[in-house]
Amino acid sequence: MTAIHEAGQRGPATHALVIGVGGYKHLAGGEEPGEQNLGLGQLTSPALSARAIADWLLHEFDNTKAPLGTVELLISPPYKPKRGRRAPRGVQRARRAARGVERATMANVSAAFRRWFDRCRARKGNVALFFFCGHGVRKTNLFLLLEDFGEDPNQLFRNAIDFEGVHRGLASRCRARVQCLFADACRQVAPEVLELIDPRGESFLDGRHDVFFPEDAPLFYSTMPTQSAYGLSDEPTLYTQALLWALRGGAGRKLGDSWVVTTGYLQDGIRAAMDRISRQQRIKDQSPMSGGQWSGGSVINVLRREPLVPVKVSLKPPQAAGHAELSLVSIADPRCRFDRRRRRGDWEVELRAGDYDGRAHFPGGKYRDGQWRVKPYPPVTEELWQVI
Amino acid sequence: MSELRVGIRVTSATKGAITSAEVIDEGMEVVRVFPLTVGQPAAVQVEPGKYLVRAILPSGRVVAQETTVDETGGELELVARDSAHEWLGWQTFAADVAPAAEYWDEFRRIRRRLTFWHRVWQRSRGRWTLRRWPDSRVDSDGQTWNYGLRGSLKALRLLQVGGMEAAWRFVVLPPAKRVSVVIEPFADELASDRGVGLSVESDDRASEAVLRYLGGGSWGAASVAGDELLKRAKKMLRGELENPMGAAVGGYYLLRRRAFERMGPWPRNFAERTDWLPDSAVIHAWQLLSRKGPKAIELARTRLLQAAERGIPFLTQGLRLLSEGLRLLVDGAHKTGSPDDELELALTSVRRYSDAAVWSQPFTTFYGIDPETPTVASRTGVPLDWEILEFLAEGEGPELHGSFPPRRGAVAEQGPIVRATFRVTPSPDRWQVEVKGDPAAKPKYYETKEAAIGAARERARQRAPSRLIIYKRDGSTQDLHTYDR
């Protein structure tokens with residue numbers, strides 16, 4: 001069994017299929033490495049990413065119109081290094097993340113997909129979420145590689161998922177009104193793959209062009225075609241971190257009384273987070289993108305409180321920052337206060353969305369003190385304080 | 001209710017671009033969402049109070065400002081971040097080029113010799129032929145080059161770019177009145193750029209904005225801007241075609257929304273009136289594919305074959321839909337036991353472009369040796385057929401602004417200079433030295449390559465500023481040298 005959550009929901013519900021593949025049996029470092037390995041090997045981040053997404057669903061996700069119904073989770077941790085060598089910390093963490101969960105072989109994923117599909121299509125009001133993290137290879141479509149990829153060198157992609165094929169099949173066979181598919185995988189082109197005429201991966205469902213059920217069917221990719229997707233060895237991938245940040249409120253908007261994350265603005269939140277994370281990690285070659293079809297207004301997650309918003313305060317002229325004591329105080333709760341004393345460069349801080357009293361005080365008198373009203377709002381807020 | 005007037009100020013180059021704006025009240029609730037066009041203030045009705053007004057730009061950046069509206073109304077102007085240069089205004093707005101602070105942080109003038117070249121192809125009667133580089137204006141700061149050229153509304157055109165260290169590639173130029181081409185040589189920090197950063201924009205700012213929102217996945221903003229674009233394009237929907245670029249972007253937008261009913265008979269008219277444009281046929285094909293029945297399938301088949309015959313869709317989204325559509329019908333034909341050879345041939349041909357495509361660009365871009373030979377392996381160097389080929393504009397100093405191509409003898413302050421070009425190429429049993437663009441100068445022949453190179457080098461030095469290209473016997477480029485006064 002791969003279901004780690006079954007709420008027994010009667011009405012519309014959110015059903016998730018989460019797959020993390022870091023262990024590849026027939027790639028470098030695997031139990032039976034094959035000749036056609038496309039230069040790929042074991043990974044540590046996917047197991048941690050999949051577990052992080054699953055944990056978010058179980059403990060933080062909230063959607064009153066489609067509460068969490070089920071979560072199917074499959075994880076293939078990286079294979080152990082050779083005997084006598086202690087596994088690196090990232091591998092140990094990844095293996096812990098996979099405890100109690102079935103491995104992501106094609107047989108297991110096929111079975112889980114069928115269960116997930118049957119649940120999703122049962123009601124029109126359902127929300128279908130699909131998340132994959134692992135190796136990806138692009139021809140015209142994106143192929144997501146499962147643990148037993150490369151088992152048959154004569155049919156290389158037999159144990160790979162055709163991501164766009166799944167999207168098309170699901171949209172024409174499943175009544176769920178919202179179908180969001182996430183692929184956290186590289187989209188590089190392997191020369192050996194280019195030589196193949198028309199490789200076929202597994203779509204699980206036959207797609208039809210004249211039938212389309214969902215209102216919203218966006219596709220989310222962690223990176224542009226031909227680019228790589230990056231991860232640190234003992235953390236979820238950078239994209240997963242950005243996605244979670246967006247789901248937790250980085251893509252939030254207040255509609256009525258509630259802060260919500262919708263399909264219309266989720267990608268904006270992911271991009272903003274990815275920009276920030278990429279800058280911190282000094283990565284330039286990963287730009288998330290999205291595709292598919294959408295109406296834009298479907299709620300994916302309802303936040304329990306105001307989201308955190310990255311705020312950047314710049315002073316004009318910039319050299320004033322070195323003389324300034326800056327502060328941001330919440331108007332609703334003055335105990336919530338942030339300060340920075342006389343430091344060069346921009347001030348970057350995370351604040352809850354709301355109203356703040358911003359001040360710049362210059363003890364030396366080189367500039368005149370100033371006061372501003374700051375209203376952080378997702379995905380990012382940039383303030384330019386002009387001082388005299 | 002009171003009227004709040006909202007404007008947005010960027011650079012003059014962005015006038016006409018549609019952005020998505022919103023008004024947020026003191027309770028942080030989004031109370032209004034509306035299209036906001038650069039250069040055209042909008043009026044929205046709100047209750048008196050304090051608000052945060054934001055605009056989401058096509059680049060993904062957000063500009064925001066607080067304001068107070070009283071019983072008499074309110075007024076506000078949003079100001080977007082500066083671009084490094086006025087002539088990079090649109091590119092910064094669309095995120096093809098970094099905003100000023102980041103641009104200058106990473107600025108590094110190109111000090112190495114420039115080996116980049118560019119040329120234009122045009123499709124006519126089913127074939128691609130080279131065309132003289134159109135009269136254009138060029139601006140450069142030594143890191144980035146921006147060419148502004150006249151576009152074509154009647155024929156498909158390709159821009160080809162390459163260099164000694166830049167893989168040859170092609171971009172389908174959008175069918176617009178004016179087109180900008182931005183070249184950043186040695187963008188080698190990004191492996192995906194393969195030696196040169198290249199972006200293309202049209203002067204149709206409204207359509208471009210929608211395209212960027214769609215490409216960036218800003219669905220919420222795309223809905224606002226896209227609906228506004230279609231509202232303005234009523235003539236298009238009635239069948240009158242003035243702007244094929246706008247029509248194509250509007251069509252793809254509606255396909256993404258699966259708003260087939262809104263399309264009406266317009267896609268058919270569009271496809272028939274622009275028999276040179278692949279995208280119009282693709283859009284109509286997908287409208288037909290949304291319908292049931294063999295007649296719709298048959299018509300869709302015809303349109304997809306037409307699209308493949310017309311050339312390459314100018315929008316990347318169009319290439320994807322063409323490839324998908326052909327594949328769907330090929331698979332369908334196989335399932336019924338009646339393989340369709342014509343479709344399979346078309347799919348094979350289109351797949352070659354798909355395999356070589358740069359999917360991150362809004363306008364179809366692919367690597368290749370010539371328009372009929374797309375290949376991700378591509379090539380570097382300078383083509384042997386060099387007559388209608390222009391090298392990247394150079395000036396006396398790093399900055400240049402002026403007409404391009406430069407006219408021999410014309411002297412413009414900070415304008416591009418004319419650099420004479422020599423080359424050493426193999427002939428059947430000897431080596432020849434030629435001068436580009438000088439019909440009076442006949443080729444000279446030498447027994448050995450070394451002799452030819454020596455002679456060519458001497459002549460190039462005498463004619464400085466100049467360049468010398470040396471080829472190998474197989475026709476590939478061996479080296480390129482430049483000589484200055």
# chains A, B, ... in the order shown; residues from 1 in each chain; ligands from 1
$ interface_residues --of "chain B" --to "chain A" --cutoff "9 Å" --atoms "only C-alpha atoms" --output "PyMOL selection string"
chain B and resi 24+26-31+52+60-64+66+189-192+214-223+255-258+286+288-292+320+323-325+328+348+351+354-355+358-360+376
$ residues_around --residues "Lys444 in chain B" --least-positions-apart "4" --cutoff "8 Å" --atoms "only C-alpha atoms" --output "PyMOL selection string"
chain B and resi 432-434
$ atom_distance --atom1 "CA of Gly197 in chain B" --atom2 "CA of Glu184 in chain B"
4.7 Å
$ atom_distance --atom1 "CA of Lys449 in chain B" --atom2 "CA of Leu114 in chain B"
24.2 Å
$ residues_around --residues "His15 in chain A" --least-positions-apart "4" --cutoff "12 Å" --atoms "only C-alpha atoms" --output "MDAnalysis selection string"
chainID A and resid 3:9 54 57:58 61 63 66:73 112:113 115:123 125:131 176 178:181 300
